[in-house]
file upload-v5.txt (compact mmCIF, C-alpha atoms)
# COMPACT_ATOMS: atom_id res chain seq x y z
CA MET A 1 20.25 46.54 -37.88
CA GLN A 2 20.32 43.50 -40.07
CA ASN A 3 17.11 42.56 -38.49
CA PHE A 4 15.48 45.64 -39.81
CA VAL A 5 16.42 45.01 -43.33
CA ALA A 6 15.19 41.50 -42.97
CA ARG A 7 12.00 42.70 -41.41
CA ALA A 8 11.39 45.11 -44.18
CA MET A 9 11.87 42.41 -46.72
CA ILE A 10 9.48 40.03 -45.16
CA MET A 11 6.54 42.26 -45.02
CA VAL A 12 3.97 40.52 -47.05
CA PRO A 13 0.67 42.00 -46.27
CA VAL A 14 -2.39 40.00 -46.52
CA LEU A 15 -5.56 40.45 -44.74
CA MET A 16 -6.67 43.89 -44.24
CA PHE A 17 -9.43 46.16 -43.99
CA SER A 18 -9.39 49.03 -46.05
CA SER A 19 -11.73 51.62 -47.03
CA PHE A 20 -15.15 52.29 -47.67
CA ALA A 21 -16.41 55.41 -48.96
CA HIS A 22 -19.34 57.54 -49.23
CA ALA A 23 -20.28 57.20 -52.75
CA GLN A 24 -19.28 60.67 -53.70
CA THR A 25 -15.95 61.05 -51.96
CA VAL A 26 -13.56 58.19 -52.00
CA PRO A 27 -10.09 59.26 -50.97
CA GLN A 28 -7.52 57.52 -53.03
CA SER A 29 -4.81 55.53 -51.42
CA SER A 30 -2.54 56.72 -54.19
CA GLU A 31 -2.09 59.80 -52.04
CA THR A 32 0.11 57.60 -49.92
CA LYS A 33 3.62 57.17 -51.18
CA GLU A 34 5.31 53.85 -51.53
CA HIS A 35 8.03 53.46 -48.95
CA LYS A 36 11.00 51.19 -48.84
CA GLY A 37 12.19 49.87 -45.55
CA LEU A 38 10.88 50.55 -42.12
CA PRO A 39 8.87 53.65 -41.18
CA PRO A 40 10.49 56.44 -39.13
CA ILE A 41 8.96 55.22 -35.89
CA CYS A 42 11.06 52.07 -36.21
CA GLN A 43 14.32 53.73 -37.19
CA GLY A 44 17.23 54.41 -34.89
CA GLU A 45 18.40 52.53 -31.84
CA ALA A 46 15.79 54.06 -29.56
CA ASN A 47 12.98 52.83 -31.79
CA ARG A 48 14.29 49.52 -32.97
CA PHE A 49 11.87 47.44 -30.92
CA ASN A 50 8.83 49.20 -32.27
CA CYS A 51 8.90 46.76 -35.13
CA ALA A 52 8.80 43.01 -35.27
CA SER A 53 11.91 40.90 -35.38
CA ALA A 54 12.86 38.84 -38.34
CA PRO A 55 11.70 35.25 -38.02
CA VAL A 56 14.12 32.94 -36.30
CA GLU A 57 15.69 30.51 -38.69
CA GLY A 58 14.15 27.09 -38.50
CA GLN A 59 11.03 28.30 -36.81
CA THR A 60 7.64 28.62 -38.36
CA ASP A 61 4.68 30.77 -37.65
CA GLU A 62 2.18 28.49 -39.26
CA PRO A 63 -0.86 28.11 -37.06
CA GLY A 64 -0.65 24.47 -36.12
CA VAL A 65 -3.12 24.74 -33.27
CA ASP A 66 -5.74 27.19 -32.18
CA PHE A 67 -6.07 29.13 -28.95
CA TRP A 68 -7.13 25.99 -27.12
CA GLY A 69 -4.45 23.77 -28.58
CA ARG A 70 -6.72 22.09 -31.08
CA PRO A 71 -5.07 21.30 -34.43
CA VAL A 72 -6.01 23.67 -37.22
CA THR A 73 -6.09 22.58 -40.80
CA PRO A 74 -5.26 25.33 -43.26
CA LEU A 75 -8.13 25.80 -45.64
CA VAL A 76 -6.50 26.96 -48.79
CA ASN A 77 -2.78 26.47 -48.72
CA GLY A 78 -1.56 26.03 -52.22
CA GLN A 79 -5.01 25.63 -53.62
CA LYS A 80 -6.75 27.89 -56.04
CA SER A 81 -9.79 29.40 -54.48
CA ALA A 82 -13.23 28.93 -55.94
CA ALA A 83 -15.22 31.93 -57.10
CA ALA A 84 -16.89 34.14 -54.52
CA PRO A 85 -20.46 33.06 -53.72
CA ARG A 86 -23.24 35.59 -54.33
CA HIS A 87 -24.29 37.77 -51.43
CA ASP A 88 -22.35 35.77 -48.88
CA ILE A 89 -19.59 37.05 -46.62
CA SER A 90 -20.24 34.62 -43.80
CA GLY A 91 -17.42 32.74 -42.16
CA THR A 92 -14.47 33.38 -39.90
CA TRP A 93 -11.94 35.70 -41.42
CA GLN A 94 -8.43 36.34 -40.24
CA VAL A 95 -6.16 39.27 -40.96
CA ASP A 96 -3.78 38.11 -43.62
CA GLY A 97 -0.22 39.20 -44.17
CA ILE A 98 2.40 41.38 -42.56
CA ASP A 99 2.14 45.10 -42.08
CA GLU A 100 4.81 47.73 -42.61
CA PHE A 101 6.11 47.14 -39.09
CA GLY A 102 6.55 43.43 -39.60
CA PHE A 103 3.57 42.40 -37.53
CA ARG A 104 1.75 39.41 -38.85
CA GLY A 105 -1.92 38.71 -38.47
CA ILE A 106 -2.76 41.73 -36.38
CA LEU A 107 -3.94 45.15 -37.45
CA GLY A 108 -3.45 48.64 -36.19
CA VAL A 109 -0.69 48.48 -33.59
CA PHE A 110 0.32 52.03 -34.49
CA GLY A 111 -3.07 53.26 -35.57
CA ALA A 112 -5.33 52.71 -38.54
CA GLY A 113 -3.71 50.27 -40.93
CA ALA A 114 -3.72 52.57 -43.95
CA MET A 115 -2.77 55.65 -41.91
CA PRO A 116 -0.46 54.49 -39.13
CA SER A 117 1.05 57.02 -36.79
CA ASP A 118 4.51 56.13 -38.00
CA GLY A 119 6.24 59.44 -38.69
CA TYR A 120 5.36 59.78 -42.35
CA PRO A 121 3.61 63.15 -42.85
CA GLU A 122 1.27 61.69 -45.44
CA HIS A 123 -0.07 59.34 -42.79
CA GLU A 124 -1.41 62.19 -40.71
CA PRO A 125 -5.18 62.46 -41.08
CA PRO A 126 -6.47 65.77 -42.49
CA TYR A 127 -7.34 67.37 -39.18
CA THR A 128 -9.48 70.41 -38.80
CA LYS A 129 -8.37 72.87 -36.12
CA GLU A 130 -10.81 71.26 -33.70
CA GLY A 131 -9.64 67.83 -34.74
CA LEU A 132 -6.00 68.60 -34.13
CA GLU A 133 -6.80 70.03 -30.71
CA ALA A 134 -8.77 66.91 -29.86
CA TYR A 135 -5.91 64.72 -31.04
CA HIS A 136 -3.47 66.58 -28.83
CA ARG A 137 -5.70 66.04 -25.81
CA ASN A 138 -5.48 62.31 -26.37
CA LYS A 139 -2.44 60.62 -24.88
CA PRO A 140 -1.90 57.30 -26.64
CA VAL A 141 0.67 54.67 -25.78
CA PHE A 142 1.33 53.93 -29.43
CA GLY A 143 2.28 56.05 -32.37
CA ILE A 144 4.54 58.98 -32.99
CA ASP A 145 3.10 60.93 -30.03
CA SER A 146 3.04 58.05 -27.55
CA VAL A 147 3.51 58.50 -23.81
CA PRO A 148 4.28 55.99 -21.04
CA ALA A 149 1.23 53.93 -20.11
CA ALA A 150 0.88 55.57 -16.69
CA GLN A 151 0.51 58.97 -18.35
CA ALA A 152 -1.92 57.85 -21.04
CA ASN A 153 -5.64 58.56 -21.20
CA ASP A 154 -6.58 55.83 -23.63
CA PRO A 155 -10.15 54.74 -22.79
CA LEU A 156 -9.01 51.13 -22.96
CA LYS A 157 -6.80 51.81 -19.98
CA PHE A 158 -10.00 51.81 -17.95
CA CYS A 159 -11.47 48.87 -19.82
CA ASP A 160 -13.94 51.09 -21.61
CA PRO A 161 -15.20 49.46 -24.80
CA PRO A 162 -13.09 50.28 -27.85
CA GLY A 163 -16.30 51.03 -29.73
CA PHE A 164 -16.68 51.37 -33.46
CA PRO A 165 -14.68 51.86 -35.67
CA ARG A 166 -11.83 51.05 -33.29
CA ASP A 167 -13.22 47.51 -33.35
CA ASP A 168 -11.94 47.31 -36.91
CA LEU A 169 -8.94 49.61 -36.71
CA HIS A 170 -7.12 48.47 -33.61
CA ARG A 171 -5.79 45.05 -32.88
CA LEU A 172 -8.07 43.24 -35.23
CA THR A 173 -6.98 39.65 -35.68
CA SER A 174 -10.08 37.78 -36.71
CA VAL A 175 -13.82 38.21 -36.95
CA GLN A 176 -16.70 35.87 -37.55
CA LEU A 177 -19.50 37.05 -39.82
CA LEU A 178 -22.97 35.56 -39.55
CA GLN A 179 -25.83 36.30 -41.91
CA THR A 180 -29.58 36.13 -41.52
CA PRO A 181 -32.14 37.35 -44.03
CA LEU A 182 -32.27 40.68 -42.19
CA GLN A 183 -28.85 41.12 -40.64
CA VAL A 184 -25.16 40.64 -40.87
CA ILE A 185 -23.69 40.05 -37.43
CA ILE A 186 -20.03 40.56 -36.72
CA LEU A 187 -18.50 38.67 -33.81
CA TYR A 188 -15.33 40.18 -32.40
CA PRO A 189 -13.01 38.16 -30.17
CA ARG A 190 -12.04 41.22 -28.18
CA ASP A 191 -14.33 41.43 -25.20
CA LYS A 192 -16.50 38.89 -26.97
CA HIS A 193 -18.93 41.40 -28.37
CA TRP A 194 -20.88 41.74 -31.58
CA ARG A 195 -22.26 44.31 -33.96
CA VAL A 196 -25.55 44.04 -35.78
CA ILE A 197 -25.74 45.44 -39.28
CA TRP A 198 -29.27 45.77 -40.54
CA ALA A 199 -29.60 44.63 -44.12
CA ASP A 200 -33.36 44.98 -44.50
CA GLY A 201 -33.34 48.31 -46.28
CA ARG A 202 -33.87 50.54 -43.28
CA GLU A 203 -32.27 53.95 -43.05
CA LEU A 204 -29.77 55.13 -40.47
CA PRO A 205 -31.37 56.99 -37.57
CA LYS A 206 -31.08 60.76 -37.83
CA ASP A 207 -30.72 61.70 -34.19
CA ALA A 208 -29.89 58.52 -32.37
CA ASP A 209 -28.40 58.70 -28.92
CA PRO A 210 -24.77 57.68 -29.16
CA THR A 211 -23.72 54.14 -28.35
CA TRP A 212 -20.30 52.51 -28.22
CA ASP A 213 -20.71 50.81 -31.58
CA GLY A 214 -23.27 53.14 -33.15
CA TYR A 215 -25.99 52.07 -35.54
CA SER A 216 -25.20 50.22 -38.75
CA THR A 217 -27.05 49.47 -41.95
CA GLY A 218 -25.73 47.67 -44.97
CA LYS A 219 -26.62 46.68 -48.50
CA TRP A 220 -25.23 44.67 -51.35
CA VAL A 221 -23.97 46.95 -54.09
CA ASP A 222 -23.07 44.04 -56.35
CA ASN A 223 -22.89 40.26 -56.06
CA THR A 224 -19.83 40.25 -53.85
CA THR A 225 -19.64 43.64 -52.13
CA PHE A 226 -21.51 44.51 -48.96
CA VAL A 227 -21.32 48.16 -47.92
CA VAL A 228 -22.07 49.25 -44.38
CA GLN A 229 -22.80 52.74 -43.09
CA THR A 230 -22.54 53.56 -39.40
CA ASN A 231 -23.42 56.62 -37.36
CA GLY A 232 -24.44 57.34 -33.77
CA THR A 233 -21.10 56.40 -32.25
CA ASP A 234 -19.94 57.59 -28.85
CA GLU A 235 -17.39 60.38 -29.14
CA ARG A 236 -15.64 59.23 -25.99
CA THR A 237 -14.07 56.47 -28.05
CA TRP A 238 -10.95 56.82 -30.17
CA LEU A 239 -10.80 55.83 -33.79
CA ASP A 240 -7.63 53.86 -33.34
CA ASN A 241 -4.70 52.96 -31.15
CA ALA A 242 -2.89 56.20 -31.95
CA GLY A 243 -5.54 58.43 -30.39
CA ARG A 244 -7.18 59.77 -33.53
CA PRO A 245 -10.41 61.45 -32.34
CA HIS A 246 -13.91 61.61 -33.69
CA SER A 247 -17.01 63.66 -32.98
CA ASP A 248 -20.72 62.94 -32.90
CA ALA A 249 -20.77 63.74 -36.61
CA LEU A 250 -18.76 60.64 -37.45
CA ARG A 251 -19.97 58.50 -40.26
CA VAL A 252 -18.07 55.37 -41.21
CA GLU A 253 -18.25 53.23 -44.27
CA GLU A 254 -17.10 49.61 -44.36
CA ARG A 255 -16.82 47.94 -47.71
CA PHE A 256 -16.57 44.16 -47.54
CA HIS A 257 -15.57 42.87 -50.93
CA ARG A 258 -15.27 39.13 -51.33
CA VAL A 259 -12.58 38.69 -53.93
CA ASP A 260 -13.04 34.95 -54.24
CA HIS A 261 -14.27 32.16 -52.01
CA ASN A 262 -11.32 32.32 -49.63
CA HIS A 263 -10.36 35.98 -49.69
CA MET A 264 -12.00 39.24 -48.77
CA GLU A 265 -10.93 42.87 -48.74
CA LEU A 266 -12.12 45.38 -46.20
CA THR A 267 -11.97 49.09 -46.80
CA VAL A 268 -12.90 51.55 -44.05
CA THR A 269 -13.43 55.25 -44.66
CA ILE A 270 -13.75 57.90 -41.99
CA ASP A 271 -15.98 60.89 -42.61
CA ASP A 272 -16.18 63.38 -39.75
CA PRO A 273 -16.39 67.00 -40.91
CA LYS A 274 -15.91 68.36 -37.40
CA MET A 275 -12.58 66.61 -36.96
CA TYR A 276 -11.31 66.16 -40.50
CA THR A 277 -11.36 68.40 -43.54
CA LYS A 278 -12.22 65.50 -45.84
CA PRO A 279 -12.96 61.78 -45.65
CA TRP A 280 -9.91 59.56 -45.30
CA VAL A 281 -9.25 55.90 -45.80
CA ALA A 282 -8.35 54.08 -42.60
CA LEU A 283 -8.15 50.58 -44.07
CA ASP A 284 -7.43 50.16 -47.74
CA LYS A 285 -8.44 46.80 -49.16
CA GLN A 286 -7.17 45.07 -46.07
CA ALA A 287 -6.81 41.40 -46.90
CA LEU A 288 -8.77 38.86 -44.89
CA LYS A 289 -8.46 35.14 -45.32
CA LEU A 290 -11.26 32.67 -44.76
CA GLN A 291 -10.61 30.17 -42.00
CA PRO A 292 -11.82 26.57 -41.82
CA PRO A 293 -15.39 26.07 -40.60
CA ASP A 294 -14.13 24.56 -37.37
CA PHE A 295 -11.77 27.44 -36.65
CA SER A 296 -12.22 28.81 -33.14
CA MET A 297 -11.35 32.40 -32.41
CA SER A 298 -9.35 33.34 -29.37
CA GLU A 299 -10.63 35.44 -26.50
CA THR A 300 -9.34 38.80 -25.39
CA ARG A 301 -11.00 40.38 -22.41
CA CYS A 302 -10.22 43.59 -20.66
CA SER A 303 -10.28 42.73 -16.99
CA PRO A 304 -10.15 45.66 -14.55
CA SER A 305 -8.44 43.53 -11.93
CA GLU A 306 -5.80 42.32 -14.37
CA MET A 307 -5.32 45.87 -15.58
CA ALA A 308 -4.81 46.99 -11.99
CA THR A 309 -2.19 44.29 -11.50
CA TYR A 310 -0.39 45.40 -14.62
CA ASP A 311 -0.49 49.02 -13.56
CA SER A 312 0.82 48.31 -10.09
CA LEU A 313 3.61 46.00 -11.21
CA VAL A 314 4.65 47.66 -14.46
CA SER A 315 3.05 50.92 -15.59
CA THR A 316 3.43 52.84 -12.34
CA PRO A 317 6.92 51.68 -11.26
CA ILE A 318 8.53 52.54 -14.58
CA VAL A 319 7.52 56.20 -14.48
CA LYS A 320 8.36 56.93 -10.86
CA MET B 1 -6.87 36.11 -10.37
CA LYS B 2 -5.43 33.18 -8.55
CA ASP B 3 -5.96 30.99 -11.51
CA ARG B 4 -4.21 33.51 -13.60
CA CYS B 5 -1.31 33.52 -11.28
CA VAL B 6 -0.32 30.05 -11.95
CA PHE B 7 2.71 29.73 -14.02
CA SER B 8 4.23 27.40 -16.29
CA PHE B 9 4.59 27.40 -19.86
CA ILE B 10 4.07 25.03 -22.49
CA ALA B 11 4.61 25.52 -26.00
CA SER B 12 1.85 24.32 -28.04
CA PHE B 13 3.89 23.73 -31.07
CA ALA B 14 6.90 21.78 -31.74
CA LEU B 15 8.69 25.02 -32.21
CA LEU B 16 7.81 27.78 -29.94
CA VAL B 17 7.95 30.81 -32.03
CA ALA B 18 6.49 34.14 -32.31
CA SER B 19 7.33 36.48 -35.03
CA ALA B 20 4.78 39.06 -34.14
CA PRO B 21 3.45 40.73 -31.06
CA LEU B 22 1.11 38.67 -29.03
CA SER B 23 -0.41 41.75 -27.68
CA ALA B 24 -0.04 45.29 -28.60
CA HIS B 25 -1.44 47.33 -25.86
CA HIS B 26 1.27 49.35 -24.26
CA GLY B 27 4.05 51.23 -25.94
CA ASN B 28 7.73 51.45 -25.34
CA ALA B 29 7.98 55.02 -24.15
CA ALA B 30 9.17 54.22 -20.62
CA TYR B 31 11.71 51.62 -21.71
CA ASP B 32 15.26 52.08 -22.88
CA ALA B 33 15.11 50.47 -26.30
CA THR B 34 18.73 51.26 -27.12
CA LYS B 35 20.04 48.19 -25.38
CA GLU B 36 19.08 44.70 -24.43
CA VAL B 37 19.72 43.18 -21.02
CA ILE B 38 20.14 39.44 -20.53
CA LEU B 39 19.31 37.98 -17.12
CA THR B 40 19.00 34.46 -15.82
CA GLY B 41 16.73 33.95 -12.87
CA VAL B 42 14.30 31.70 -11.07
CA VAL B 43 10.60 32.03 -11.80
CA THR B 44 8.52 33.05 -8.80
CA ASP B 45 5.26 33.73 -10.60
CA TRP B 46 3.82 33.52 -14.10
CA ILE B 47 0.68 35.54 -14.57
CA VAL B 48 -1.14 34.87 -17.82
CA ALA B 49 -3.33 37.90 -18.28
CA ASN B 50 -4.42 40.87 -20.34
CA PRO B 51 -3.16 43.29 -21.45
CA HIS B 52 0.12 41.54 -20.83
CA SER B 53 1.25 38.41 -19.17
CA LEU B 54 3.76 38.99 -16.42
CA LEU B 55 6.78 36.94 -15.44
CA LYS B 56 8.21 37.49 -12.00
CA LEU B 57 11.65 36.15 -11.37
CA ASP B 58 14.39 36.43 -8.81
CA VAL B 59 17.83 37.26 -10.10
CA THR B 60 20.84 36.86 -7.86
CA ASP B 61 23.81 39.07 -8.58
CA ASP B 62 27.46 38.16 -8.06
CA LYS B 63 27.33 39.51 -4.51
CA GLY B 64 24.45 37.31 -3.56
CA ASN B 65 21.82 40.02 -3.61
CA VAL B 66 18.44 38.94 -4.93
CA VAL B 67 16.53 41.34 -7.12
CA HIS B 68 12.85 40.74 -7.80
CA TRP B 69 12.18 41.42 -11.46
CA VAL B 70 8.86 41.83 -13.22
CA VAL B 71 8.94 41.40 -16.98
CA GLU B 72 5.99 41.71 -19.30
CA THR B 73 5.19 39.76 -22.38
CA GLY B 74 2.23 38.95 -24.58
CA ALA B 75 -1.41 38.81 -23.61
CA ALA B 76 -3.23 35.68 -22.66
CA SER B 77 -4.97 35.87 -25.97
CA ALA B 78 -2.04 34.83 -28.03
CA ASN B 79 -3.01 34.78 -31.62
CA GLN B 80 -3.15 31.29 -32.97
CA ALA B 81 -2.32 32.51 -36.42
CA ARG B 82 1.18 33.31 -35.29
CA GLY B 83 1.92 29.92 -33.95
CA VAL B 84 2.56 30.78 -30.35
CA ARG B 85 0.43 30.41 -27.32
CA LEU B 86 1.18 31.66 -23.88
CA THR B 87 -0.33 29.19 -21.49
CA LYS B 88 -0.30 28.82 -17.76
CA GLN B 89 1.56 25.54 -18.15
CA LEU B 90 4.47 27.12 -19.92
CA LEU B 91 6.32 28.18 -16.75
CA LYS B 92 6.12 27.30 -13.10
CA PRO B 93 7.78 28.61 -9.94
CA GLY B 94 11.28 27.34 -9.57
CA ASP B 95 11.96 27.14 -13.30
CA LYS B 96 15.25 28.65 -14.37
CA VAL B 97 14.93 30.87 -17.39
CA THR B 98 17.06 33.32 -19.32
CA VAL B 99 15.38 36.47 -20.47
CA THR B 100 16.54 38.99 -23.03
CA MET B 101 14.69 42.24 -22.54
CA MET B 102 14.70 45.98 -22.55
CA VAL B 103 14.44 47.60 -19.16
CA ALA B 104 12.82 50.64 -17.60
CA LYS B 105 14.63 53.94 -18.14
CA ASN B 106 14.24 54.84 -14.47
CA GLY B 107 16.22 51.87 -13.22
CA GLN B 108 13.34 49.93 -11.71
CA PRO B 109 13.67 46.13 -12.10
CA VAL B 110 10.97 46.02 -14.73
CA GLY B 111 11.43 44.89 -18.31
CA ARG B 112 9.78 43.78 -21.50
CA ILE B 113 10.70 40.42 -22.94
CA HIS B 114 12.24 40.07 -26.35
CA ARG B 115 13.40 36.51 -26.05
CA LEU B 116 12.93 33.90 -23.42
CA VAL B 117 14.85 30.65 -23.14
CA LEU B 118 12.52 28.14 -21.55
CA PRO B 119 13.70 25.53 -19.05
CA ASP B 120 13.79 22.91 -21.78
CA GLY B 121 16.00 25.10 -23.93
CA ARG B 122 13.41 26.21 -26.42
CA LEU B 123 13.46 29.81 -27.45
CA MET B 124 10.47 32.07 -27.37
CA VAL B 125 10.73 35.22 -29.41
CA ASN B 126 8.29 37.89 -28.49
CA ASP B 127 7.91 41.15 -30.32
CA LEU B 128 5.80 43.40 -28.23
CA PRO B 129 5.77 47.05 -29.05
call {"tool": "encode", "arguments": {"input": "upload-v5.txt", "output": "structure tokens"}}
result
Amino acid sequence: MQNFVARAMIMVPVLMFSSFAHAQTVPQSSETKEHKGLPPICQGEANRFNCASAPVEGQTDEPGVDFWGRPVTPLVNGQKSAAAPRHDISGTWQVDGIDEFGFRGILGVFGAGAMPSDGYPEHEPPYTKEGLEAYHRNKPVFGIDSVPAAQANDPLKFCDPPGFPRDDLHRLTSVQLLQTPLQVIILYPRDKHWRVIWADGRELPKDADPTWDGYSTGKWVDNTTFVVQTNGTDERTWLDNAGRPHSDALRVEERFHRVDHNHMELTVTIDDPKMYTKPWVALDKQALKLQPPDFSMSETRCSPSEMATYDSLVSTPIVK
Amino acid sequence: MKDRCVFSFIASFALLVASAPLSAHHGNAAYDATKEVILTGVVTDWIVANPHSLLKLDVTDDKGNVVHWVVETGAASANQARGVRLTKQLLKPGDKVTVTMMVAKNGQPVGRIHRLVLPDGRLMVNDLP
């Protein structure tokens, strides 16, 4: 159990996404209590491996090299960052810090970063009756209601696209943002896909056919904050790794706020009146850290053949 | 898949370390997390893949019986920010390794790696919920 204490002590969050909000209703993260130590899902012998181990003495988790073994030079270690440039969020950004479970540099293992499915009642989204029923139909492999992988119905199990906003809320490690005069383009390493956010003043479509990532428009609300609205997402997708559902009424806000040259905060807010009684913050000022210009993101693909191998060798045998 | 089925490991850093999950796709529900099992065996296959890389090894008990184990670890897409990469060169068939893991509740020879002592003695720590 020493490990757990140590783990709890080392949680130093950094890069996150956190909330955006429809202008009129911005749920406050102050609704969430401050907790000391590990969340319930990590407590007790049966749950002890749900959280990360304490670092091994003498070892370091500094990057050193990238996915391909190429040396990486930290951009800002020990240096004071310059001021944020105006209307510019381009660059490669990596999740910064350690979450409440002790996981570094990765978001959303147990569900949306600001509302993980960790056993704390205040981290349960405000479900409507329909929303709670939909949640109970989902069988996730992570979170307080997790099931063995062979019994799960997570769309990712079949290599379906995670879709938006799960792109942001589950297993985010890094993203690359590109800007043109008309668009902001987000490159995601998972399945090597991208989202286009129109920044030319157009409105969201009113009755668009649903797509995996929906339709996104964005605008600068001040010199350093770019706010994105998304609708038209496919309700087959889950919001996060814990099986939180959404309907065709989902509207998502992302608020990218560049704090200074090297740091950004991402806030993501979920608004889906069919599933939730009020908007809720899924990422709350999640810290992101700018990477060097030559930083190369890793690749994560869902391969049906590799998934089949995993299922035949692991998932299926362990539930027989 | 054949390419993926090559094994061997190679730490990309002087210290092979991982203080965070390399992948986070599948939960622990079918594993007995109340205890750790330590086994030493001979690598028969090292599959670097998503959602998890798989290590197959033969473990011989004190009666000479060989049990074919499959243990899972992080995805091929190890996150460079955490200073650990799982590569095909890291392990190869015939390597002798010691694995600390949790094992399936139903008694099948399937596990999830917590720590792996590589043939050269380096320790890989893998937190994989």
call {"tool": "residues_around", "arguments": {"input": "upload-v5.txt", "residues": "B:Val66", "least_positions_apart": "4", "cutoff": "12 Å", "atoms": "only C-alpha atoms", "output": "ChimeraX atom specification"}}
result
/B:40-42,57-62,109
call {"tool": "closest_atom_pairs", "arguments": {"input": "upload-v5.txt", "of": "chain A", "to": "chain B", "cutoff": "6 Å", "atoms": "all atoms listed in the file", "output": "CSV"}}
result
residue,atom,partner,partner_atom,distance
A:Glu45,CA,B:Thr34,CA,4.9
A:Ala46,CA,B:Thr34,CA,4.7
A:Asn50,CA,B:Pro129,CA,4.9
A:Ala52,CA,B:Asp127,CA,5.4
A:Pro55,CA,B:Ser19,CA,5.4
A:Asp61,CA,B:Gly83,CA,4.7
A:Glu62,CA,B:Gly83,CA,5.5
A:Pro63,CA,B:Gly83,CA,4.5
A:Asp66,CA,B:Gln80,CA,4.9
A:Phe67,CA,B:Gln80,CA,5.4
A:Phe103,CA,B:Ala20,CA,4.9
A:Arg104,CA,B:Ala20,CA,5.6
A:Val109,CA,B:Ala24,CA,6.0
A:Val141,CA,B:Gly27,CA,4.8
A:Phe142,CA,B:Gly27,CA,5.2
A:Val147,CA,B:Ala29,CA,5.7
A:Pro148,CA,B:Ala29,CA,4.9
A:Glu299,CA,B:Ser77,CA,5.7
A:Thr300,CA,B:Ser77,CA,5.3
A:Ile318,CA,B:Ala104,CA,5.6
call {"tool": "atom_distance", "arguments": {"input": "upload-v5.txt", "atom1": "atom CA of A:Gly214", "atom2": "atom CA of A:Lys278"}}
result
20.9 Å
call {"tool": "atom_distance", "arguments": {"input": "upload-v5.txt", "atom1": "atom CA of A:Gln94", "atom2": "atom CA of A:Glu306"}}
result
26.7 Å
call {"tool": "atom_distance", "arguments": {"input": "upload-v5.txt", "atom1": "atom CA of A:Pro292", "atom2": "atom CA of A:Ile106"}}
result
18.5 Å
call {"tool": "residues_around", "arguments": {"input": "upload-v5.txt", "residues": "A:Arg258", "least_positions_apart": "6", "cutoff": "10 Å", "atoms": "all atoms listed in the file", "output": "PyMOL selection string"}}
result
chain A and resi 83-89+223-226+264-266+287-289
call {"tool": "residues_around", "arguments": {"input": "upload-v5.txt", "residues": "A:Arg137", "least_positions_apart": "5", "cutoff": "10 Å", "atoms": "only C-alpha atoms", "output": "list of chain:residue names"}}
result
A:Gly131, A:Leu132, A:Asn153, A:Gly243, A:Pro245
call {"tool": "closest_residue", "arguments": {"input": "upload-v5.txt", "among": "B:Pro93, B:Gly121, B:Gly74, B:Gly64", "to": "B:Trp46", "atoms": "all atoms listed in the file"}}
result
B:Pro93
call {"tool": "closest_residue", "arguments": {"input": "upload-v5.txt", "among": "A:Lys320, A:Lys206, A:Lys285, A:His261", "to": "A:Asp248", "atoms": "all atoms listed in the file"}}
result
A:Lys206
call {"tool": "closest_residue", "arguments": {"input": "upload-v5.txt", "among": "A:Ala208, A:Ala150, A:Met115, A:Val259", "to": "A:Ser81", "atoms": "only C-alpha atoms"}}
result
A:Val259
call {"tool": "residues_around", "arguments": {"input": "upload-v5.txt", "residues": "A:Leu187", "least_positions_apart": "4", "cutoff": "6 Å", "atoms": "all atoms listed in the file", "output": "ChimeraX atom specification"}}
result
/A:175-176,194
call {"tool": "closest_residue", "arguments": {"input": "upload-v5.txt", "among": "B:Leu39, B:Leu55, B:Val67, B:Ile113", "to": "B:Leu91", "atoms": "only C-alpha atoms"}}
result
B:Leu55
call {"tool": "residues_around", "arguments": {"input": "upload-v5.txt", "residues": "A:Gln183", "least_positions_apart": "5", "cutoff": "6 Å", "atoms": "all atoms listed in the file", "output": "NGL selection string"}}
result
:A and (197-199)
